[in-house]
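Source file: start.cif. Holds: mmCIF, C-alpha atoms.
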data_target
loop_
_atom_site.label_atom_id
_atom_site.label_comp_id
_atom_site.auth_asym_id
_atom_site.auth_seq_id
_atom_site.Cartn_x
_atom_site.Cartn_y
_atom_site.Cartn_z
CA MET A 1 61.44 -63.14 21.35
CA VAL A 2 63.61 -62.96 18.24
CA VAL A 3 66.41 -60.37 18.33
CA ASP A 4 68.66 -59.31 15.46
CA MET A 5 72.07 -59.89 17.05
CA ASP A 6 73.54 -56.96 15.12
CA SER A 7 70.85 -54.47 16.07
CA PHE A 8 71.21 -54.00 19.84
CA GLN A 9 73.67 -52.34 22.21
CA ILE A 10 74.58 -52.94 25.82
CA PHE A 11 73.66 -50.04 28.07
CA THR A 12 73.57 -48.82 31.64
CA SER A 13 71.96 -45.76 33.23
CA ILE A 14 74.22 -43.93 35.65
CA ARG A 15 73.04 -41.32 38.11
CA TYR A 16 75.13 -38.14 38.08
CA ASP A 17 74.45 -36.31 41.33
CA PRO A 18 76.71 -33.62 42.87
CA ALA A 19 75.14 -34.43 46.26
CA LEU A 20 77.12 -37.70 46.21
CA LEU A 21 80.30 -35.66 46.73
CA LYS A 22 79.14 -35.08 50.34
CA VAL A 23 79.08 -38.81 51.17
CA PRO A 24 82.35 -38.98 53.22
CA ASP A 25 81.71 -35.70 55.04
CA LEU A 26 78.25 -36.84 56.16
CA GLY A 27 79.62 -39.92 57.85
CA TYR A 28 78.66 -42.56 55.30
CA THR A 29 80.92 -45.62 55.28
CA ASN A 30 81.21 -48.83 53.27
CA THR A 31 79.63 -47.17 50.23
CA GLY A 32 82.07 -48.57 47.69
CA TRP A 33 82.84 -46.40 44.69
CA ASN A 34 81.17 -43.31 46.14
CA GLN A 35 83.50 -43.27 49.14
CA GLU A 36 86.08 -41.59 46.83
CA PRO A 37 83.94 -39.34 46.62
CA SER A 38 82.44 -39.32 43.14
CA PRO A 39 79.30 -37.76 41.62
CA PHE A 40 78.77 -40.92 39.54
CA TYR A 41 76.61 -43.43 41.39
CA MET A 42 78.23 -46.90 41.65
CA LEU A 43 80.22 -46.34 38.47
CA ASP A 44 82.42 -49.41 39.01
CA PHE A 45 79.37 -51.70 39.29
CA HIS A 46 77.90 -50.20 36.12
CA ARG A 47 81.16 -50.89 34.29
CA ASP A 48 81.29 -54.43 35.66
CA ARG A 49 77.85 -55.39 34.42
CA MET A 50 78.47 -53.93 30.98
CA LEU A 51 81.73 -55.88 30.83
CA ARG A 52 80.00 -59.14 31.82
CA ALA A 53 77.52 -58.61 29.00
CA ALA A 54 80.27 -57.86 26.47
CA ILE A 55 82.13 -61.01 27.55
CA HIS A 56 78.94 -63.06 27.23
CA TRP A 57 78.48 -61.99 23.59
CA ARG A 58 82.23 -62.13 22.90
CA TRP A 59 82.39 -58.54 21.73
CA ASP A 60 86.18 -58.26 21.75
CA ALA A 61 86.37 -54.57 20.82
CA ALA A 62 83.80 -53.66 23.47
CA ILE A 63 85.67 -55.73 26.07
CA ALA A 64 88.88 -53.88 25.24
CA THR A 65 87.17 -50.49 25.62
CA ILE A 66 85.99 -50.97 29.19
CA SER A 67 88.28 -53.64 30.70
CA GLY A 68 90.60 -53.05 33.65
CA GLU A 69 91.52 -49.79 35.32
CA GLY A 70 91.97 -48.21 31.91
CA GLY A 71 88.42 -49.04 30.93
CA LEU A 72 87.05 -47.64 34.17
CA GLU A 73 89.04 -44.43 33.63
CA THR A 74 87.67 -44.25 30.08
CA LEU A 75 84.11 -44.30 31.40
CA LYS A 76 84.92 -41.84 34.17
CA GLY A 77 86.52 -39.41 31.71
CA LEU A 78 83.58 -39.72 29.33
CA LEU A 79 81.14 -38.95 32.13
CA GLN A 80 83.21 -35.99 33.31
CA ASN A 81 83.13 -34.51 29.80
CA ILE A 82 79.40 -35.16 29.43
CA THR A 83 78.48 -33.59 32.77
CA SER A 84 80.99 -30.73 32.85
CA GLU A 85 78.46 -28.16 31.66
CA LEU A 86 75.32 -29.52 33.26
CA SER A 87 73.39 -27.34 35.66
CA ASP A 88 73.25 -28.31 39.32
CA GLY A 89 71.02 -31.22 40.16
CA PRO A 90 70.94 -34.91 39.37
CA HIS A 91 70.82 -36.31 35.84
CA ARG A 92 70.49 -39.73 34.28
CA VAL A 93 73.30 -40.53 31.85
CA MET A 94 72.53 -43.52 29.67
CA ILE A 95 75.80 -44.99 28.39
CA THR A 96 75.61 -47.34 25.39
CA LEU A 97 78.31 -49.77 24.31
CA ALA A 98 78.28 -51.12 20.76
CA GLN A 99 79.88 -54.30 19.43
CA ASP A 100 82.66 -52.27 17.81
CA GLY A 101 83.56 -50.75 21.20
CA SER A 102 82.10 -47.32 20.54
CA LEU A 103 80.41 -45.50 23.41
CA GLY A 104 77.35 -43.27 23.16
CA HIS A 105 75.18 -41.42 25.62
CA GLN A 106 71.85 -39.73 26.31
CA ILE A 107 71.07 -37.34 29.18
CA SER A 108 67.87 -36.57 31.06
CA SER A 109 67.14 -34.81 34.33
CA LEU A 110 66.23 -36.66 37.50
CA PRO A 111 64.43 -35.67 40.70
CA SER A 112 66.43 -35.27 43.89
CA THR A 113 66.73 -38.37 46.07
CA PRO A 114 68.01 -38.39 49.66
CA LEU A 115 71.45 -39.92 50.08
CA SER A 116 69.95 -42.25 52.70
CA SER A 117 67.85 -43.82 49.94
CA LEU A 118 70.77 -44.09 47.52
CA LEU A 119 73.24 -45.47 50.07
CA PRO A 120 71.19 -46.73 53.04
CA GLY A 121 73.01 -47.49 56.26
CA TYR A 122 70.54 -50.29 56.94
CA LEU A 123 67.32 -51.75 55.56
CA PRO A 124 64.48 -51.45 58.10
CA SER A 125 61.78 -54.08 58.33
CA PRO A 126 58.26 -53.21 57.11
CA SER A 127 57.13 -52.91 60.73
CA PRO A 128 56.38 -49.31 61.79
CA GLU A 129 57.88 -50.20 65.17
CA ASP A 130 61.27 -50.91 63.62
CA SER A 131 63.80 -48.31 64.64
CA ALA A 132 67.54 -48.11 64.97
CA PRO A 133 68.30 -44.71 66.54
CA VAL A 134 71.96 -44.63 65.59
CA LEU A 135 71.28 -45.51 61.96
CA LYS A 136 67.88 -43.88 61.57
CA ALA A 137 69.25 -40.85 59.71
CA LYS A 138 70.73 -43.18 57.09
CA ALA A 139 67.62 -45.32 56.56
CA PRO A 140 65.89 -45.14 53.16
CA THR A 141 62.87 -42.86 53.02
CA LYS A 142 59.38 -44.13 52.23
CA ASP A 143 58.15 -41.03 50.41
CA ALA A 144 57.77 -42.63 46.98
CA VAL A 145 54.88 -45.11 47.23
CA TYR A 146 54.17 -47.12 44.08
CA GLU A 147 51.24 -49.20 42.99
CA VAL A 148 52.67 -52.64 42.13
CA VAL A 149 50.85 -55.16 39.93
CA LEU A 150 51.73 -58.56 38.50
CA ASP A 151 52.06 -58.92 34.74
CA ASN A 152 49.22 -61.00 33.30
CA GLN A 153 51.53 -62.76 30.83
CA LYS A 154 54.66 -64.80 31.40
CA THR A 155 58.08 -63.72 30.15
CA ALA A 156 60.76 -66.17 29.06
CA LYS A 157 64.19 -66.03 30.69
CA SER A 158 66.77 -64.88 28.19
CA GLU A 159 70.09 -63.12 27.74
CA PHE A 160 68.06 -59.97 27.22
CA THR A 161 66.37 -60.17 30.61
CA HIS A 162 69.66 -61.02 32.37
CA TYR A 163 71.84 -58.39 30.67
CA LYS A 164 70.76 -54.79 30.16
CA THR A 165 70.48 -53.99 26.47
CA THR A 166 68.55 -51.71 24.16
CA SER A 167 66.35 -54.69 23.24
CA ARG A 168 63.60 -54.03 25.78
CA GLU A 169 60.40 -55.13 24.08
CA MET A 170 59.49 -57.51 26.91
CA TYR A 171 59.56 -54.65 29.42
CA ASN A 172 57.77 -52.17 27.18
CA ASP A 173 55.04 -54.70 26.44
CA ALA A 174 54.54 -55.47 30.13
CA ARG A 175 54.18 -51.77 30.92
CA LYS A 176 51.62 -51.39 28.13
CA ARG A 177 49.60 -54.31 29.51
CA ALA A 178 49.61 -52.61 32.92
CA HIS A 179 48.64 -49.24 31.35
CA ILE A 180 51.70 -47.49 32.78
CA SER A 181 52.56 -44.09 31.35
CA PRO A 182 55.89 -42.23 31.82
CA GLY A 183 55.97 -40.62 35.24
CA ASP A 184 53.34 -42.90 36.78
CA LYS A 185 54.12 -44.15 40.28
CA LYS A 186 53.27 -47.66 39.18
CA GLU A 187 55.32 -50.77 38.44
CA THR A 188 54.56 -54.22 37.07
CA LEU A 189 56.45 -57.35 38.09
CA LEU A 190 57.43 -59.79 35.35
CA ILE A 191 56.64 -63.48 35.87
CA ASN A 192 58.85 -66.16 34.34
CA GLU A 193 57.59 -69.36 32.72
CA ASP A 194 57.98 -71.21 36.04
CA GLY A 195 55.49 -68.82 37.60
CA HIS A 196 58.10 -67.02 39.72
CA ILE A 197 58.73 -63.28 39.92
CA MET A 198 61.66 -62.20 37.76
CA GLU A 199 61.93 -58.47 38.37
CA GLY A 200 60.21 -55.17 37.75
CA THR A 201 60.27 -53.46 34.38
CA ILE A 202 62.53 -50.68 35.73
CA THR A 203 63.11 -51.78 39.34
CA SER A 204 64.58 -54.58 41.46
CA PRO A 205 61.92 -55.91 43.86
CA TYR A 206 62.64 -56.94 47.45
CA PHE A 207 60.38 -59.02 49.70
CA TRP A 208 60.34 -59.43 53.47
CA ARG A 209 60.65 -63.15 54.20
CA ASP A 210 61.53 -64.88 57.50
CA GLY A 211 62.83 -61.72 59.10
CA LYS A 212 64.98 -60.44 56.25
CA TRP A 213 64.78 -58.83 52.84
CA VAL A 214 65.23 -61.12 49.82
CA THR A 215 65.22 -60.53 46.09
CA PRO A 216 64.70 -62.95 43.16
CA PRO A 217 67.91 -64.96 42.57
CA VAL A 218 70.12 -64.06 39.62
CA PRO A 219 73.27 -66.04 38.68
CA ALA A 220 76.53 -64.23 37.99
CA GLN A 221 76.37 -65.34 34.35
CA PHE A 222 73.28 -66.03 32.29
CA ASP A 223 71.98 -69.56 32.66
CA ALA A 224 68.33 -70.26 31.81
CA SER A 225 68.34 -73.23 34.19
CA GLN A 226 69.26 -71.08 37.19
CA GLY A 227 67.71 -68.14 38.98
CA SER A 228 64.66 -66.08 38.17
CA GLY A 229 65.86 -64.79 34.80
CA GLY A 230 65.95 -61.20 36.06
CA ASN A 231 68.46 -58.44 35.47
CA ASP A 232 72.01 -58.42 36.79
CA GLY A 233 71.42 -55.10 38.57
CA THR A 234 73.87 -52.69 40.21
CA THR A 235 71.90 -51.57 43.28
CA ARG A 236 70.84 -55.20 43.74
CA ARG A 237 74.50 -56.25 43.87
CA TRP A 238 75.33 -53.39 46.26
CA ALA A 239 72.56 -54.40 48.67
CA LEU A 240 73.35 -58.13 48.55
CA GLU A 241 77.03 -57.54 49.27
CA ARG A 242 76.09 -55.62 52.43
CA TYR A 243 72.82 -57.03 53.74
CA SER A 244 72.39 -60.63 52.57
#
Before we go any further, please render this structure as structure tokens.
Amino acid sequence: MVVDMDSFQIFTSIRYDPALLKVPDLGYTNTGWNQEPSPFYMLDFHRDRMLRAAIHWRWDAAIATISGEGGLETLKGLLQNITSELSDGPHRVMITLAQDGSLGHQISSLPSTPLSSLLPGYLPSPSPEDSAPVLKAKAPTKDAVYEVVLDNQKTAKSEFTHYKTTSREMYNDARKRAHISPGDKKETLLINEDGHIMEGTITSPYFWRDGKWVTPPVPAQFDASQGSGGNDGTTRRWALERYS
């Protein structure tokens, strides 16, 4: 895939959800950023991955915009301004970061999701017999069932599969091959040139192996010789830091 290096932006999609403000009162612990509480889901992890991408491409102005505590406060303030007049209910806020350090955004509504699925207290096994009474109320729900298929073409590992950018042709093409329309409860898994699963087009896949959940490996920094080539995801990082 050939990409015009001046034509793309780094981006991340942040969930704004007033329900997240209830996290401490409902007994959730070890949630990270949302322990504050904050209505912005894992904001610090979103900032971190945008910053890693900016550092990779040596975008000095972009790095300056979002680095350190000041950069995190910049993003937080931007999100507060964006969401100040939104109606109740969750929204997706897509934040873009350009090479010159400018920030942009787009907003769309989202369906409600239980807090136990956003910040699970544990990850149950696939077995229907699995139960942990104390933690059961904070286990992720299984309401959303998706049809999952494998892409019938291979996708090369690249900076644009590791970092999240507006250059998403490889994902859009895979969804077209799988005949996925917006809103479909269907996902396709990308396969790298080694024949291994990279990731989903809009999801991070997990697999039950040897009594635990695993996910395709991704190095901290892009390296085509390491890992699956998949995205440096935020919820993936959150889960690995707690359950790996």
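Shell of Lys186 (chain A) at 7 Å, with only C-alpha atoms counted and residues fewer than 3 places along the chain excluded, is Tyr146, Glu147, Val148 and Ile180 of chain A.
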Check: Evaluating the PyMOL selection byres ((chain A and resi 37-47) around 8) on the displayed file yields which residues, as a list in words?
Finding: Thr12, Ser13, Ile14, Arg15, Tyr16, Asp17, Pro18, Ala19, Leu20, Leu21, Lys22, Val23, Pro24, Gly32, Trp33, Asn34, Gln35, Glu36, Asp48, Arg49, Met50, Leu51, Ile66, Leu72, Leu75, Lys76 and Thr234 of chain A
Next item on the list: Pull the neighbourhood of (72.5, -58.2, 51.6) for me: all residues within 12 Å in file coordinates, counting only C-alpha atoms, as a list in words.
Entry: Pro120, Gly121, Tyr122, Leu123, Tyr206, Lys212, Trp213, Val214, Thr215, Thr235, Arg236, Arg237, Trp238, Ala239, Leu240, Glu241, Arg242, Tyr243 and Ser244 of chain A
For the PyMOL selection byres ((chain A and resi 102) around 10), applied here, can you spell out every residue it catches as a short mmCIF file (atom, residue, chain, number, x, y, z; two decimals) with C-alpha atoms, in the coordinates of the input?
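To be explicit, this is the file written out as out_16.cif:
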data_model
loop_
_atom_site.label_atom_id
_atom_site.label_comp_id
_atom_site.auth_asym_id
_atom_site.auth_seq_id
_atom_site.Cartn_x
_atom_site.Cartn_y
_atom_site.Cartn_z
CA GLN A 9 73.67 -52.34 22.21
CA ALA A 61 86.37 -54.57 20.82
CA ALA A 62 83.80 -53.66 23.47
CA THR A 65 87.17 -50.49 25.62
CA THR A 96 75.61 -47.34 25.39
CA LEU A 97 78.31 -49.77 24.31
CA ALA A 98 78.28 -51.12 20.76
CA GLN A 99 79.88 -54.30 19.43
CA ASP A 100 82.66 -52.27 17.81
CA GLY A 101 83.56 -50.75 21.20
CA LEU A 103 80.41 -45.50 23.41
CA GLY A 104 77.35 -43.27 23.16
#
Check: Which of these, A:Pro126, A:Gly70, A:Gly233, A:Gly77, has the shortest distance to Lys164 (chain A) once you count only C-alpha atoms?
Finding: A:Gly233
Checklist line | Option closest in space to Asn30 (chain A), from A:Ala139, A:Ser225, A:Leu119, A:Arg209 [counting only C-alpha atoms] | finding: A:Leu119
Check: What does the PyMOL selection byres ((chain A and resi 160) around 12) select in this file, as number ranges by chain?
Finding: A: 1-5, 8-11, 53, 56-57, 155-159, 161-171, 222-224, 229-232
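Among the candidates A:Asn81, A:Asn152, A:Thr74, A:Asn192, the one nearest to Lys176 (chain A) when counting all atoms listed in the file is A:Asn152.
Each of A:Arg175, A:Glu199, A:Thr31, A:Ala220 was compared to Leu118 (chain A) using only C-alpha atoms, and A:Thr31 turns out to be the nearest.
A straight line drawn from CA of Ser116 (chain A) to CA of Glu69 (chain A) is 28.7 Å long.
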Next item on the list: State, in Å with one decimal place, the distance from CA of Pro216 (chain A) to CA of Val145 (chain A).
Entry: 20.8 Å
Grab all the atoms of region 187-198 of chain A that the file lists, wrap them in a box along x, y and z, add 6 Å per side, and give me centre plus edge lengths in Å (one decimal) as AutoDock Vina command-line options.
--center_x 58.1 --center_y -61.0 --center_z 36.3 --size_x 19.1 --size_y 32.4 --size_z 19.2
What lies within 7 Å of Leu189 (chain A) using all atoms listed in the file, ignoring chain neighbours under 6 positions off, as an mmCIF file with C-alpha atoms, in the coordinates of the input?
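Wrote part11.cif, looks like this:
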data_model
loop_
_atom_site.group_PDB
_atom_site.id
_atom_site.type_symbol
_atom_site.label_atom_id
_atom_site.label_comp_id
_atom_site.auth_asym_id
_atom_site.auth_seq_id
_atom_site.Cartn_x
_atom_site.Cartn_y
_atom_site.Cartn_z
ATOM 1 C CA VAL A 149 50.850 -55.160 39.930
ATOM 2 C CA LEU A 150 51.730 -58.560 38.500
ATOM 3 C CA ASP A 151 52.060 -58.920 34.740
ATOM 4 C CA ILE A 197 58.730 -63.280 39.920
ATOM 5 C CA GLU A 199 61.930 -58.470 38.370
ATOM 6 C CA GLY A 200 60.210 -55.170 37.750
ATOM 7 C CA THR A 201 60.270 -53.460 34.380
#
Next item on the list: Enter the distance from CA of Ser112 (chain A) to CA of Leu26 (chain A), in Å, rounded to one decimal.
Entry: 17.1 Å
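Distances from A:Ser125, A:Ser67, A:Thr113, A:Ser108 to Leu86 (chain A) were compared using all atoms listed in the file, and the smallest one belongs to A:Ser108.
Between Ser204 (chain A) and the residues A:Asp88, A:Ser181, A:Asp173, A:Ser228, the shortest atom-to-atom distance, using all atoms listed in the file, involves A:Ser228.
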